[in-house]
Each structure stands twice: as structure tokens, then as C-alpha cells.
file work_11.csv (CSV, N, CA, C and O atoms)
chain,number,residue,atom,x,y,z
Q,279,MET,N,-62.5,-9.6,3.5
Q,279,MET,CA,-61.8,-8.8,4.6
Q,279,MET,C,-60.6,-9.6,5.0
Q,279,MET,O,-60.6,-10.8,5.2
Q,280,LYS,N,-59.6,-8.9,5.3
Q,280,LYS,CA,-58.3,-9.5,5.7
Q,280,LYS,C,-58.3,-9.8,7.2
Q,280,LYS,O,-58.7,-9.0,8.0
Q,281,ASP,N,-57.8,-11.0,7.5
Q,281,ASP,CA,-57.7,-11.4,8.9
Q,281,ASP,C,-56.6,-10.7,9.6
Q,281,ASP,O,-55.5,-10.6,9.1
Q,282,SER,N,-56.8,-10.0,10.7
Q,282,SER,CA,-55.8,-9.2,11.4
Q,282,SER,C,-54.7,-10.0,12.0
Q,282,SER,O,-53.7,-9.5,12.4
Q,283,LEU,N,-55.0,-11.3,12.2
Q,283,LEU,CA,-54.0,-12.2,12.8
Q,283,LEU,C,-52.9,-12.7,11.7
Q,283,LEU,O,-51.9,-13.2,12.1
Q,284,GLN,N,-53.3,-12.6,10.5
Q,284,GLN,CA,-52.4,-13.0,9.4
Q,284,GLN,C,-51.3,-11.9,9.2
Q,284,GLN,O,-51.7,-10.7,9.0
Q,285,PRO,N,-50.0,-12.2,9.1
Q,285,PRO,CA,-49.0,-11.2,8.9
Q,285,PRO,C,-49.1,-10.7,7.4
Q,285,PRO,O,-49.4,-11.5,6.6
Q,286,ASP,N,-48.7,-9.5,7.2
Q,286,ASP,CA,-48.6,-9.0,5.9
Q,286,ASP,C,-47.4,-9.6,5.2
Q,286,ASP,O,-46.3,-9.5,5.7
Q,287,LYS,N,-47.6,-10.3,4.0
Q,287,LYS,CA,-46.5,-11.0,3.3
Q,287,LYS,C,-45.4,-10.0,2.9
Q,287,LYS,O,-44.3,-10.3,2.9
Q,288,SER,N,-45.8,-8.8,2.4
Q,288,SER,CA,-44.8,-7.9,1.9
Q,288,SER,C,-43.9,-7.4,3.1
Q,288,SER,O,-42.7,-7.3,2.9
Q,289,LYS,N,-44.4,-7.3,4.3
Q,289,LYS,CA,-43.6,-7.0,5.4
Q,289,LYS,C,-42.6,-8.1,5.8
Q,289,LYS,O,-41.5,-7.9,6.1
Q,290,ILE,N,-43.1,-9.3,5.7
Q,290,ILE,CA,-42.2,-10.5,6.0
Q,290,ILE,C,-41.1,-10.6,4.9
Q,290,ILE,O,-40.0,-10.8,5.2
Q,291,TYR,N,-41.5,-10.4,3.6
Q,291,TYR,CA,-40.5,-10.4,2.6
Q,291,TYR,C,-39.4,-9.3,2.8
Q,291,TYR,O,-38.2,-9.5,2.6
Q,292,TRP,N,-39.9,-8.1,3.2
Q,292,TRP,CA,-39.0,-7.0,3.4
Q,292,TRP,C,-38.0,-7.3,4.6
Q,292,TRP,O,-36.8,-7.1,4.5
Q,293,GLU,N,-38.5,-7.9,5.6
Q,293,GLU,CA,-37.7,-8.2,6.8
Q,293,GLU,C,-36.7,-9.3,6.4
Q,293,GLU,O,-35.5,-9.2,6.9
Q,294,VAL,N,-37.1,-10.3,5.7
Q,294,VAL,CA,-36.2,-11.4,5.2
Q,294,VAL,C,-35.1,-10.8,4.3
Q,294,VAL,O,-33.9,-11.1,4.5
Q,295,PHE,N,-35.5,-10.0,3.4
Q,295,PHE,CA,-34.5,-9.3,2.5
Q,295,PHE,C,-33.6,-8.5,3.3
Q,295,PHE,O,-32.3,-8.5,3.1
Q,296,THR,N,-34.0,-7.7,4.2
Q,296,THR,CA,-33.2,-6.8,5.0
Q,296,THR,C,-32.2,-7.6,5.8
Q,296,THR,O,-31.0,-7.3,5.9
Q,297,THR,N,-32.7,-8.7,6.4
Q,297,THR,CA,-31.8,-9.5,7.3
Q,297,THR,C,-30.8,-10.2,6.4
Q,297,THR,O,-29.6,-10.2,6.8
Q,298,ILE,N,-31.1,-10.7,5.3
Q,298,ILE,CA,-30.1,-11.3,4.4
Q,298,ILE,C,-29.1,-10.3,3.9
Q,298,ILE,O,-27.9,-10.5,3.9
Q,299,PHE,N,-29.6,-9.1,3.6
Q,299,PHE,CA,-28.7,-8.0,3.1
Q,299,PHE,C,-27.7,-7.6,4.2
Q,299,PHE,O,-26.5,-7.5,3.9
Q,300,VAL,N,-28.2,-7.5,5.4
Q,300,VAL,CA,-27.3,-7.1,6.5
Q,300,VAL,C,-26.3,-8.1,6.8
Q,300,VAL,O,-25.1,-7.9,6.9
Q,301,TYR,N,-26.7,-9.4,6.8
Q,301,TYR,CA,-25.7,-10.5,7.1
Q,301,TYR,C,-24.7,-10.7,6.0
Q,301,TYR,O,-23.5,-10.9,6.3
Q,302,THR,N,-25.1,-10.6,4.8
Q,302,THR,CA,-24.2,-10.7,3.7
Q,302,THR,C,-23.2,-9.5,3.6
Q,302,THR,O,-22.0,-9.7,3.3
Q,303,THR,N,-23.7,-8.3,3.9
Q,303,THR,CA,-22.8,-7.2,3.9
Q,303,THR,C,-21.8,-7.3,5.1
Q,303,THR,O,-20.6,-7.1,4.9
Q,304,CYS,N,-22.2,-7.8,6.2
Q,304,CYS,CA,-21.3,-8.0,7.3
Q,304,CYS,C,-20.3,-9.1,7.0
Q,304,CYS,O,-19.1,-9.0,7.3
Q,305,ALA,N,-20.8,-10.2,6.4
Q,305,ALA,CA,-19.9,-11.3,6.0
Q,305,ALA,C,-18.9,-10.8,5.0
Q,305,ALA,O,-17.7,-11.2,5.1
Q,306,ALA,N,-19.3,-10.0,4.1
Q,306,ALA,CA,-18.3,-9.5,3.0
Q,306,ALA,C,-17.3,-8.6,3.7
Q,306,ALA,O,-16.1,-8.7,3.4
Q,307,ALA,N,-17.7,-7.8,4.6
Q,307,ALA,CA,-16.8,-6.9,5.3
Q,307,ALA,C,-15.8,-7.7,6.1
Q,307,ALA,O,-14.6,-7.4,6.2
Q,308,LEU,N,-16.3,-8.7,6.8
Q,308,LEU,CA,-15.4,-9.5,7.6
Q,308,LEU,C,-14.4,-10.3,6.8
Q,308,LEU,O,-13.3,-10.4,7.1
Q,309,LEU,N,-14.9,-10.8,5.6
Q,309,LEU,CA,-14.1,-11.6,4.7
Q,309,LEU,C,-13.0,-10.6,4.1
Q,309,LEU,O,-11.8,-11.0,4.1
Q,310,THR,N,-13.3,-9.4,3.8
Q,310,THR,CA,-12.4,-8.5,3.2
Q,310,THR,C,-11.3,-8.1,4.3
Q,310,THR,O,-10.1,-8.1,4.0
Q,311,ALA,N,-11.7,-7.9,5.5
Q,311,ALA,CA,-10.8,-7.6,6.6
Q,311,ALA,C,-9.9,-8.8,6.9
Q,311,ALA,O,-8.7,-8.6,7.1
Q,312,SER,N,-10.4,-10.0,6.8
Q,312,SER,CA,-9.6,-11.2,7.1
Q,312,SER,C,-8.6,-11.3,6.0
Q,312,SER,O,-7.4,-11.7,6.2
Q,313,ILE,N,-9.0,-11.1,4.7
Q,313,ILE,CA,-8.0,-11.2,3.6
Q,313,ILE,C,-6.9,-10.2,3.7
Q,313,ILE,O,-5.8,-10.5,3.5
Q,314,MET,N,-7.3,-9.0,4.0
Q,314,MET,CA,-6.3,-7.9,4.2
Q,314,MET,C,-5.3,-8.2,5.3
Q,314,MET,O,-4.1,-8.0,5.2
Q,315,LEU,N,-5.8,-8.7,6.4
Q,315,LEU,CA,-5.0,-9.0,7.6
Q,315,LEU,C,-4.1,-10.2,7.2
Q,315,LEU,O,-2.9,-10.2,7.5
Q,316,GLY,N,-4.6,-11.2,6.6
Q,316,GLY,CA,-3.8,-12.4,6.2
Q,316,GLY,C,-2.8,-12.0,5.2
Q,316,GLY,O,-1.6,-12.5,5.3
Q,317,LYS,N,-3.1,-11.2,4.2
Q,317,LYS,CA,-2.2,-10.7,3.2
Q,317,LYS,C,-1.0,-9.9,3.9
Q,317,LYS,O,0.1,-10.1,3.6
Q,318,SER,N,-1.3,-9.1,4.8
Q,318,SER,CA,-0.3,-8.3,5.5
Q,318,SER,C,0.6,-9.2,6.4
Q,318,SER,O,1.8,-8.9,6.6
Q,319,LEU,N,0.1,-10.2,6.9
Q,319,LEU,CA,0.9,-11.2,7.7
Q,319,LEU,C,1.8,-12.0,6.8
Q,319,LEU,O,2.9,-12.3,7.2
Q,320,LEU,N,1.2,-12.5,5.7
Q,320,LEU,CA,2.0,-13.3,4.8
Q,320,LEU,C,3.0,-12.6,3.9
Q,320,LEU,O,4.1,-13.1,3.6
Q,321,PHE,N,2.6,-11.4,3.5
Q,321,PHE,CA,3.5,-10.6,2.7
Q,321,PHE,C,3.7,-9.2,3.3
Q,321,PHE,O,3.2,-8.2,2.9
Q,322,PRO,N,4.5,-9.1,4.3
Q,322,PRO,CA,4.8,-7.8,5.0
Q,322,PRO,C,5.5,-6.9,4.1
Q,322,PRO,O,6.3,-7.3,3.3
Q,323,VAL,N,5.2,-5.6,4.2
Q,323,VAL,CA,5.8,-4.6,3.5
Q,323,VAL,C,7.1,-4.2,4.2
Q,323,VAL,O,7.0,-3.8,5.4
Q,324,ASN,N,8.2,-4.4,3.6
Q,324,ASN,CA,9.5,-4.1,4.2
Q,324,ASN,C,9.8,-2.6,3.9
Q,324,ASN,O,10.0,-2.3,2.7
Q,325,PRO,N,9.9,-1.7,4.9
Q,325,PRO,CA,10.3,-0.4,4.6
Q,325,PRO,C,11.7,-0.3,4.1
Q,325,PRO,O,12.6,-1.1,4.5
Q,326,VAL,N,12.0,0.7,3.3
Q,326,VAL,CA,13.4,0.8,2.9
Q,326,VAL,C,14.2,1.3,4.1
Q,326,VAL,O,13.9,2.4,4.6
Q,327,ASN,N,15.2,0.6,4.4
Q,327,ASN,CA,16.0,0.9,5.6
Q,327,ASN,C,17.1,1.9,5.3
Q,327,ASN,O,17.5,2.7,6.1
Q,328,LYS,N,17.5,2.0,4.0
Q,328,LYS,CA,18.6,2.9,3.6
Q,328,LYS,C,18.0,4.2,3.1
Q,328,LYS,O,17.1,4.2,2.3
Q,329,SER,N,18.4,5.2,3.7
Q,329,SER,CA,17.8,6.5,3.4
Q,329,SER,C,18.6,7.3,2.3
Q,329,SER,O,18.2,8.3,1.8
Q,330,THR,N,19.8,6.8,2.1
Q,330,THR,CA,20.7,7.4,1.1
Q,330,THR,C,21.2,6.4,0.1
Q,330,THR,O,21.3,5.2,0.5
Q,331,TYR,N,21.4,6.8,-1.1
Q,331,TYR,CA,21.9,5.9,-2.2
Q,331,TYR,C,23.0,6.6,-2.9
Q,331,TYR,O,23.1,7.8,-3.1
Q,332,PRO,N,23.9,5.7,-3.5
Q,332,PRO,CA,25.0,6.3,-4.3
Q,332,PRO,C,24.5,6.9,-5.6
Q,332,PRO,O,23.5,6.3,-6.2
Q,333,ALA,N,25.1,8.0,-6.1
Q,333,ALA,CA,24.7,8.6,-7.3
Q,333,ALA,C,26.0,9.2,-7.9
Q,333,ALA,O,26.8,9.7,-7.2
Q,334,SER,N,26.1,9.0,-9.3
Q,334,SER,CA,27.3,9.6,-9.9
Q,334,SER,C,26.9,11.1,-10.2
Q,334,SER,O,25.8,11.5,-10.4
Q,335,ILE,N,28.0,11.9,-10.0
Q,335,ILE,CA,27.9,13.3,-10.2
Q,335,ILE,C,28.4,13.7,-11.6
Q,335,ILE,O,29.6,13.6,-11.9
Q,336,PRO,N,27.5,14.0,-12.6
Q,336,PRO,CA,28.0,14.1,-14.0
Q,336,PRO,C,28.8,15.3,-14.3
Q,336,PRO,O,29.6,15.3,-15.2
Q,337,TRP,N,28.7,16.4,-13.5
Q,337,TRP,CA,29.5,17.6,-13.8
Q,337,TRP,C,30.9,17.6,-13.2
Q,337,TRP,O,31.6,18.5,-13.4
Q,338,ILE,N,31.3,16.5,-12.5
Q,338,ILE,CA,32.6,16.4,-12.0
Q,338,ILE,C,33.3,15.4,-12.8
Q,338,ILE,O,33.0,14.2,-12.8
Q,339,ASN,N,34.4,15.8,-13.6
Q,339,ASN,CA,35.0,14.9,-14.6
Q,339,ASN,C,36.4,14.5,-14.2
Q,339,ASN,O,37.0,13.8,-15.0
Q,340,SER,N,36.9,14.9,-13.1
Q,340,SER,CA,38.3,14.4,-12.8
Q,340,SER,C,38.4,13.9,-11.3
Q,340,SER,O,37.6,14.2,-10.5
Q,341,LYS,N,39.3,13.0,-11.1
Q,341,LYS,CA,39.5,12.3,-9.8
Q,341,LYS,C,39.9,13.4,-8.8
Q,341,LYS,O,39.3,13.3,-7.7
Q,342,VAL,N,40.7,14.3,-9.1
Q,342,VAL,CA,41.1,15.3,-8.1
Q,342,VAL,C,39.9,16.2,-7.7
Q,342,VAL,O,39.7,16.4,-6.5
Q,343,ASP,N,39.1,16.7,-8.6
Q,343,ASP,CA,38.0,17.5,-8.3
Q,343,ASP,C,37.0,16.7,-7.5
Q,343,ASP,O,36.3,17.2,-6.6
Q,344,CYS,N,36.8,15.4,-7.8
Q,344,CYS,CA,35.9,14.5,-7.1
Q,344,CYS,C,36.3,14.3,-5.7
Q,344,CYS,O,35.5,14.5,-4.7
Q,345,GLU,N,37.6,13.9,-5.5
Q,345,GLU,CA,38.1,13.7,-4.1
Q,345,GLU,C,38.2,14.9,-3.3
Q,345,GLU,O,38.1,14.9,-2.0
Q,346,ASP,N,38.4,16.1,-3.9
Q,346,ASP,CA,38.4,17.4,-3.2
Q,346,ASP,C,37.0,17.7,-2.5
Q,346,ASP,O,36.9,18.4,-1.6
Q,347,THR,N,35.9,17.1,-3.1
Q,347,THR,CA,34.6,17.4,-2.6
Q,347,THR,C,34.2,16.3,-1.6
Q,347,THR,O,33.0,16.3,-1.1
Q,348,GLY,N,35.1,15.4,-1.3
Q,348,GLY,CA,34.8,14.3,-0.3
Q,348,GLY,C,34.0,13.1,-0.9
Q,348,GLY,O,33.4,12.3,-0.2
Q,349,ARG,N,34.0,13.1,-2.2
Q,349,ARG,CA,33.3,12.0,-2.9
Q,349,ARG,C,34.4,10.9,-3.3
Q,349,ARG,O,35.6,11.1,-3.2
Q,350,GLN,N,33.9,9.8,-3.9
Q,350,GLN,CA,34.7,8.7,-4.3
Q,350,GLN,C,34.8,8.6,-5.8
Q,350,GLN,O,33.8,8.6,-6.5
Q,351,TRP,N,36.0,8.4,-6.4
Q,351,TRP,CA,36.2,8.3,-7.8
Q,351,TRP,C,36.3,6.8,-8.1
Q,351,TRP,O,37.1,6.0,-7.6
Q,352,LEU,N,35.4,6.3,-9.0
Q,352,LEU,CA,35.3,4.9,-9.3
Q,352,LEU,C,34.8,4.7,-10.8
Q,352,LEU,O,33.8,5.3,-11.1
Q,353,ASP,N,35.5,3.9,-11.6
Q,353,ASP,CA,35.1,3.7,-13.0
Q,353,ASP,C,35.0,5.0,-13.8
Q,353,ASP,O,34.0,5.2,-14.5
Q,354,ASN,N,35.9,5.9,-13.5
Q,354,ASN,CA,35.9,7.2,-14.2
Q,354,ASN,C,34.7,8.0,-14.0
Q,354,ASN,O,34.3,8.8,-14.8
Q,355,LYS,N,34.1,7.8,-12.8
Q,355,LYS,CA,32.9,8.6,-12.4
Q,355,LYS,C,33.1,9.0,-11.0
Q,355,LYS,O,33.7,8.3,-10.2
Q,356,CYS,N,32.5,10.2,-10.7
Q,356,CYS,CA,32.5,10.7,-9.3
Q,356,CYS,C,31.2,10.2,-8.6
Q,356,CYS,O,30.1,10.6,-9.0
Q,357,TRP,N,31.4,9.5,-7.5
Q,357,TRP,CA,30.2,8.9,-6.8
Q,357,TRP,C,30.0,9.6,-5.5
Q,357,TRP,O,30.9,9.8,-4.7
Q,358,ASP,N,28.8,10.0,-5.2
Q,358,ASP,CA,28.4,10.6,-3.9
Q,358,ASP,C,27.5,9.6,-3.2
Q,358,ASP,O,26.5,9.1,-3.8
Q,359,GLU,N,27.8,9.2,-2.0
Q,359,GLU,CA,27.0,8.2,-1.2
Q,359,GLU,C,25.9,8.8,-0.4
Q,359,GLU,O,25.2,8.1,0.2
Q,360,GLU,N,25.7,10.1,-0.5
Q,360,GLU,CA,24.7,10.8,0.4
Q,360,GLU,C,23.5,11.3,-0.4
Q,360,GLU,O,22.8,12.2,0.2
Q,361,HIS,N,23.1,10.8,-1.5
Q,361,HIS,CA,21.9,11.3,-2.2
Q,361,HIS,C,20.7,10.6,-1.7
Q,361,HIS,O,20.7,9.4,-1.4
Q,362,SER,N,19.6,11.3,-1.5
Q,362,SER,CA,18.4,10.8,-1.1
Q,362,SER,C,17.7,10.0,-2.2
Q,362,SER,O,17.9,10.3,-3.4
Q,363,SER,N,16.9,9.0,-1.9
Q,363,SER,CA,16.3,8.2,-2.9
Q,363,SER,C,15.2,9.0,-3.6
Q,363,SER,O,14.7,8.7,-4.7
Q,364,SER,N,14.7,10.0,-3.0
Q,364,SER,CA,13.7,10.9,-3.6
Q,364,SER,C,14.3,12.0,-4.5
Q,364,SER,O,13.5,12.8,-5.1
Q,365,PHE,N,15.6,12.0,-4.6
Q,365,PHE,CA,16.2,13.1,-5.4
Q,365,PHE,C,16.1,12.8,-6.8
Q,365,PHE,O,16.1,11.8,-7.3

call {"tool": "encode", "arguments": {"input": "work_11.csv", "output": "C-alpha cells"}}
result
Amino acid sequence: MKDSLQPDKSKIYWEVFTTIFVYTTCAAALLTASIMLGKSLLFPVNPVNKSTYPASIPWINSKVDCEDTGRQWLDNKCWDEEHSSSF
């Protein structure tokens, strides 16, 4: 007959396993958060400050036509300074 004062070993093993699992999971989450925070502080992402970029307009082939549209003629190309980077 089992002594009622003796703890059940399987219950103790389960509690130890659960405790270790919880602590390692929390430690991993904390480590991941720390790495991400450190990375963002060491290597900040610089947003693109310029919202427009120059682009040559291939269908305008003469200086007169280019300048009539308010664009700049340079190196035998018509350049527009107001194109979006997502264009």
C-alpha cells in the first residue's frame, strides 16, 4: 500500500517539467524582444525622405517640347523631377 504522505513522483516530474518549460519560454521571449530592441537601436531604419525622384520621359524627344512641359532637358533626354518612387 502506498503511503499517503509520499508525493506522487509523476506529479512532481510534471510540475518540474512545466516550470522549466514556462521559464525557458519566457526567457526565449525576453531574449528575442531584447535582440529586436537592440537591433532597432543599433541599426535604425531610415525612412526615405524624398517623395519624388527624377525620371526621363522617353516619348519627349526634343528640347523645345521638353521645356514647354516644364521639364528639364539634359544629356539629350527630358527629365521630370516630380515622379513618385512607386511609379

call {"tool": "select_by_dssp", "arguments": {"input": "work_11.csv", "residues": "chain Q", "states": "strand (DSSP E)", "output": "PyMOL selection string"}}
result
chain Q and resi 330-334+350-352+355-362

call {"tool": "select_by_dssp", "arguments": {"input": "work_11.csv", "residues": "chain Q", "states": "alpha helix (DSSP H)", "output": "VMD selection string"}}
result
chain Q and resid 287 to 320 341 to 346

call {"tool": "residues_around", "arguments": {"input": "work_11.csv", "residues": "Q:Trp337", "least_positions_apart": "6", "cutoff": "10 Å", "atoms": "only C-alpha atoms", "output": "PyMOL selection string"}}
result
chain Q and resi 344+355-356

call {"tool": "atom_distance", "arguments": {"input": "work_11.csv", "atom1": "atom CA of Q:Ser312", "atom2": "atom CA of Q:Thr296"}}
result
24.1 Å

call {"tool": "residues_around", "arguments": {"input": "work_11.csv", "residues": "Q:Glu360", "least_positions_apart": "4", "cutoff": "7 Å", "atoms": "all atoms listed in the file", "output": "VMD selection string"}}
result
chain Q and resid 329 to 333

call {"tool": "atom_distance", "arguments": {"input": "work_11.csv", "atom1": "atom CA of Q:Ile298", "atom2": "atom CA of Q:Thr310"}}
result
18.0 Å

call {"tool": "atom_distance", "arguments": {"input": "work_11.csv", "atom1": "atom N of Q:Glu345", "atom2": "atom O of Q:Trp357"}}
result
7.9 Å

call {"tool": "axis_aligned_box", "arguments": {"input": "work_11.csv", "around": "stretch 289-303 of chain Q", "padding_each_side": "8 Å", "output": "lines of an AutoDock Vina configuration file"}}
result
center_x = -32.5
center_y = -9.1
center_z = 4.9
size_x = 39.8
size_y = 20.6
size_z = 20.8

call {"tool": "build_atoms", "arguments": {"input": "work_11.csv", "residues": "stretch 345-356 of chain Q", "atoms": "all heavy atoms", "output": "PDB file, in the coordinates of the input"}}
result
ATOM      1  N   GLU Q 345      37.600  13.900  -5.500  1.00  0.00           N
ATOM      2  CA  GLU Q 345      38.100  13.700  -4.100  1.00  0.00           C
ATOM      3  C   GLU Q 345      38.200  14.900  -3.300  1.00  0.00           C
ATOM      4  O   GLU Q 345      38.100  14.900  -2.000  1.00  0.00           O
ATOM      5  CB  GLU Q 345      39.412  12.933  -4.178  1.00  0.00           C
ATOM      6  CG  GLU Q 345      39.232  11.517  -4.718  1.00  0.00           C
ATOM      7  CD  GLU Q 345      40.528  10.766  -4.939  1.00  0.00           C
ATOM      8  OE1 GLU Q 345      41.619  11.389  -4.904  1.00  0.00           O
ATOM      9  OE2 GLU Q 345      40.455   9.541  -5.162  1.00  0.00           O
ATOM     10  N   ASP Q 346      38.400  16.100  -3.900  1.00  0.00           N
ATOM     11  CA  ASP Q 346      38.400  17.400  -3.200  1.00  0.00           C
ATOM     12  C   ASP Q 346      37.000  17.700  -2.500  1.00  0.00           C
ATOM     13  O   ASP Q 346      36.900  18.400  -1.600  1.00  0.00           O
ATOM     14  CB  ASP Q 346      38.792  18.515  -4.085  1.00  0.00           C
ATOM     15  CG  ASP Q 346      40.301  18.554  -4.317  1.00  0.00           C
ATOM     16  OD1 ASP Q 346      41.035  17.849  -3.591  1.00  0.00           O
ATOM     17  OD2 ASP Q 346      40.735  19.272  -5.249  1.00  0.00           O
ATOM     18  N   THR Q 347      35.900  17.100  -3.100  1.00  0.00           N
ATOM     19  CA  THR Q 347      34.600  17.400  -2.600  1.00  0.00           C
ATOM     20  C   THR Q 347      34.200  16.300  -1.600  1.00  0.00           C
ATOM     21  O   THR Q 347      33.000  16.300  -1.100  1.00  0.00           O
ATOM     22  CB  THR Q 347      33.566  17.480  -3.729  1.00  0.00           C
ATOM     23  OG1 THR Q 347      33.546  16.243  -4.433  1.00  0.00           O
ATOM     24  CG2 THR Q 347      33.866  18.626  -4.665  1.00  0.00           C
ATOM     25  N   GLY Q 348      35.100  15.400  -1.300  1.00  0.00           N
ATOM     26  CA  GLY Q 348      34.800  14.300  -0.300  1.00  0.00           C
ATOM     27  C   GLY Q 348      34.000  13.100  -0.900  1.00  0.00           C
ATOM     28  O   GLY Q 348      33.400  12.300  -0.200  1.00  0.00           O
ATOM     29  N   ARG Q 349      34.000  13.100  -2.200  1.00  0.00           N
ATOM     30  CA  ARG Q 349      33.300  12.000  -2.900  1.00  0.00           C
ATOM     31  C   ARG Q 349      34.400  10.900  -3.300  1.00  0.00           C
ATOM     32  O   ARG Q 349      35.600  11.100  -3.200  1.00  0.00           O
ATOM     33  CB  ARG Q 349      32.550  12.489  -4.102  1.00  0.00           C
ATOM     34  CG  ARG Q 349      31.438  13.432  -3.674  1.00  0.00           C
ATOM     35  CD  ARG Q 349      30.716  13.991  -4.882  1.00  0.00           C
ATOM     36  NE  ARG Q 349      29.572  14.781  -4.484  1.00  0.00           N
ATOM     37  CZ  ARG Q 349      29.516  16.103  -4.554  1.00  0.00           C
ATOM     38  NH1 ARG Q 349      30.556  16.789  -5.014  1.00  0.00           N
ATOM     39  NH2 ARG Q 349      28.432  16.752  -4.182  1.00  0.00           N
ATOM     40  N   GLN Q 350      33.900   9.800  -3.900  1.00  0.00           N
ATOM     41  CA  GLN Q 350      34.700   8.700  -4.300  1.00  0.00           C
ATOM     42  C   GLN Q 350      34.800   8.600  -5.800  1.00  0.00           C
ATOM     43  O   GLN Q 350      33.800   8.600  -6.500  1.00  0.00           O
ATOM     44  CB  GLN Q 350      34.183   7.382  -3.720  1.00  0.00           C
ATOM     45  CG  GLN Q 350      35.019   6.176  -4.029  1.00  0.00           C
ATOM     46  CD  GLN Q 350      34.414   4.906  -3.435  1.00  0.00           C
ATOM     47  OE1 GLN Q 350      33.288   4.918  -2.941  1.00  0.00           O
ATOM     48  NE2 GLN Q 350      35.158   3.826  -3.485  1.00  0.00           N
ATOM     49  N   TRP Q 351      36.000   8.400  -6.400  1.00  0.00           N
ATOM     50  CA  TRP Q 351      36.200   8.300  -7.800  1.00  0.00           C
ATOM     51  C   TRP Q 351      36.300   6.800  -8.100  1.00  0.00           C
ATOM     52  O   TRP Q 351      37.100   6.000  -7.600  1.00  0.00           O
ATOM     53  CB  TRP Q 351      37.514   8.937  -8.237  1.00  0.00           C
ATOM     54  CG  TRP Q 351      37.742   8.933  -9.721  1.00  0.00           C
ATOM     55  CD1 TRP Q 351      38.582   8.139 -10.396  1.00  0.00           C
ATOM     56  CD2 TRP Q 351      37.129   9.795 -10.669  1.00  0.00           C
ATOM     57  NE1 TRP Q 351      38.533   8.426 -11.725  1.00  0.00           N
ATOM     58  CE2 TRP Q 351      37.644   9.458 -11.928  1.00  0.00           C
ATOM     59  CE3 TRP Q 351      36.188  10.811 -10.588  1.00  0.00           C
ATOM     60  CZ2 TRP Q 351      37.258  10.092 -13.105  1.00  0.00           C
ATOM     61  CZ3 TRP Q 351      35.811  11.452 -11.757  1.00  0.00           C
ATOM     62  CH2 TRP Q 351      36.340  11.093 -12.992  1.00  0.00           C
ATOM     63  N   LEU Q 352      35.400   6.300  -9.000  1.00  0.00           N
ATOM     64  CA  LEU Q 352      35.300   4.900  -9.300  1.00  0.00           C
ATOM     65  C   LEU Q 352      34.800   4.700 -10.800  1.00  0.00           C
ATOM     66  O   LEU Q 352      33.800   5.300 -11.100  1.00  0.00           O
ATOM     67  CB  LEU Q 352      34.345   4.154  -8.362  1.00  0.00           C
ATOM     68  CG  LEU Q 352      34.188   2.659  -8.508  1.00  0.00           C
ATOM     69  CD1 LEU Q 352      35.515   1.947  -8.211  1.00  0.00           C
ATOM     70  CD2 LEU Q 352      33.123   2.154  -7.552  1.00  0.00           C
ATOM     71  N   ASP Q 353      35.500   3.900 -11.600  1.00  0.00           N
ATOM     72  CA  ASP Q 353      35.100   3.700 -13.000  1.00  0.00           C
ATOM     73  C   ASP Q 353      35.000   5.000 -13.800  1.00  0.00           C
ATOM     74  O   ASP Q 353      34.000   5.200 -14.500  1.00  0.00           O
ATOM     75  CB  ASP Q 353      33.823   2.885 -13.080  1.00  0.00           C
ATOM     76  CG  ASP Q 353      33.957   1.483 -12.521  1.00  0.00           C
ATOM     77  OD1 ASP Q 353      35.064   0.913 -12.614  1.00  0.00           O
ATOM     78  OD2 ASP Q 353      32.954   0.969 -11.982  1.00  0.00           O
ATOM     79  N   ASN Q 354      35.900   5.900 -13.500  1.00  0.00           N
ATOM     80  CA  ASN Q 354      35.900   7.200 -14.200  1.00  0.00           C
ATOM     81  C   ASN Q 354      34.700   8.000 -14.000  1.00  0.00           C
ATOM     82  O   ASN Q 354      34.300   8.800 -14.800  1.00  0.00           O
ATOM     83  CB  ASN Q 354      36.192   7.043 -15.726  1.00  0.00           C
ATOM     84  CG  ASN Q 354      37.604   6.592 -16.008  1.00  0.00           C
ATOM     85  OD1 ASN Q 354      38.540   6.974 -15.300  1.00  0.00           O
ATOM     86  ND2 ASN Q 354      37.776   5.772 -17.023  1.00  0.00           N
ATOM     87  N   LYS Q 355      34.100   7.800 -12.800  1.00  0.00           N
ATOM     88  CA  LYS Q 355      32.900   8.600 -12.400  1.00  0.00           C
ATOM     89  C   LYS Q 355      33.100   9.000 -11.000  1.00  0.00           C
ATOM     90  O   LYS Q 355      33.700   8.300 -10.200  1.00  0.00           O
ATOM     91  CB  LYS Q 355      31.630   7.824 -12.563  1.00  0.00           C
ATOM     92  CG  LYS Q 355      31.212   7.544 -13.986  1.00  0.00           C
ATOM     93  CD  LYS Q 355      29.886   6.826 -14.019  1.00  0.00           C
ATOM     94  CE  LYS Q 355      29.484   6.531 -15.444  1.00  0.00           C
ATOM     95  NZ  LYS Q 355      28.208   5.814 -15.494  1.00  0.00           N
ATOM     96  N   CYS Q 356      32.500  10.200 -10.700  1.00  0.00           N
ATOM     97  CA  CYS Q 356      32.500  10.700  -9.300  1.00  0.00           C
ATOM     98  C   CYS Q 356      31.200  10.200  -8.600  1.00  0.00           C
ATOM     99  O   CYS Q 356      30.100  10.600  -9.000  1.00  0.00           O
ATOM    100  CB  CYS Q 356      32.637  12.186  -9.291  1.00  0.00           C
ATOM    101  SG  CYS Q 356      32.833  12.881  -7.655  1.00  0.00           S
TER     102      CYS Q 356
END
